[in-house]
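Have a look at the structure below before the remarks.
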Amino acid sequence: MSPQPTAPAAALVEIRGVSKHFGEGEARVDALRDVAFRVRAGEVVGLLGPSGSGKSTLLNVIGCIVEPNEGYVALDGEVVYDHRWLRKDLRHLRLEKIGFIFQTHNLLPFLNCIDNVALVLHLARVPRSEARQRAVELLEYLQVGHRKNAMPAQLSGGEAQRVAIARALANRPRIILADEPTAALDSERAGIVMDLLHKLAVEQQAAIIAVTHDEKILGRLDRVVRLRDGKISL
Ligand SMILES: Nc1ncnc2c1ncn2[C@@H]1O[C@H](COP(=O)(O)OP(=O)(O)OP(=O)(O)O)[C@@H](O)[C@H]1O
């Protein structure tokens, strides 16, 4: 087996010349046009732009969910796309390197908080007792340890979002992708979530990329990247 190509280790996310269109002919939509984007360890970066400007598409390209049509994508020093997907085991790569946080928490309603977090670890074949122990540690780190045995329906919005963040972190990803992580929260709870994301970026040397429309968190981002019509706008 030939070794995977490696990229210079400077950025955790490195995107160059990435374009993505959906459909063909008159139905063609250019969702991303020649996008270049880098995020380093320890940074919390906001992706902003009007509806339809390509934010989710860019997040999904970074998350190896959407394959670009052109360009170069490297994650944590590993080239995953260079004019074509180079990695065949994208599911494994996602499990290992990427954590997703969604707008609404997406917790499984029939599992308690510990099991929701531990599930990701079971998928990665971590033994059950170790998975549960790590889940409890993460819930404590995110200040929801006191709710560890609660079911999702019993949680407040802010608690549920913190459990969802714990789940996104369970496999110790270095790249965390968040789609409107604070949209469903009031400003106090949004602030708590942003503080936690910052703490995480610094302590775990992770790169955090958050799509947001949420004006109340702009001041809490290290950097803002704006998209317009599929292009980075300055
Ligand atoms: N699977 C798809 N098939 C066809 N068109 C798509 C698909 N996904 C996205 N698009 C189109 O690509 C463009 C960019 O969409 P994208 O979802 O990335 O925008 P966005 O900035 O995240 O928007 P919003 O803020 O409304 O979520 C839009 O015109 C959208 O309709």
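To be explicit about the labels: the chains of the structure tokens are called A, B, and onward in the order shown, and within each one the residues are counted from 1, while ligands get numbers from 1 in the order they are shown.
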Applying 6 Å and only C-alpha atoms, which residues near region 53-57 of chain A remain after dropping the ones on its own chain fewer than 4 positions away? List them as a ChimeraX atom specification. /A:31-32,49,227-230
Residues within 10 Å of Val144 (chain A), only C-alpha atoms, excluding chain neighbours under 2 positions, as a list in words: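 Here the answer would be Cys113, Val136, Glu137, Leu138, Leu139, Glu140, Tyr141, Leu142, His146, Arg147, Lys148, Leu155, Gly158, Glu159, Ala160, Arg162, Val163 and Ala166 of chain A.
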Using only C-alpha atoms and all ligand atoms, can you tell me which of A:Val61, A:Ile175, A:Ala170, A:Ala11 comes closest to ligand 1? A:Val61
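Residues lying within 10 Å of Glu215 (chain A), counting only C-alpha atoms and ignoring same-chain neighbours fewer than 5 positions away, are Leu48, Ala183 and Ser187 of chain A.
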Residue set, region 54-183 of chain A restricted to helix (DSSP H, G or I), as a ChimeraX atom specification: /A:55-62,90-97,113-123,128-141,145-147,152-154,157-169
Could you give me, as a VMD selection string, the residues within 12 Å of region 90-101 of chain A, counting only C-alpha atoms and dropping anything in the same chain fewer than 6 positions from it? chain A and resid 12 to 13 59 to 67 74 to 81 107 117 119 to 125 160 to 183 193 197 206 to 211
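Using only C-alpha atoms and all ligand atoms, the smallest distance between any of A:Leu218, A:Val44, A:Ile15, A:Leu58 and ligand 1 comes from A:Leu58.
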Top pick for closest residue to ligand 1, considering A:Arg33, A:Arg84, A:Arg128, A:Arg223 and counting only C-alpha atoms and all ligand atoms: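 Using only C-alpha atoms and all ligand atoms, the shortest distance to ligand 1 belongs to A:Arg33.
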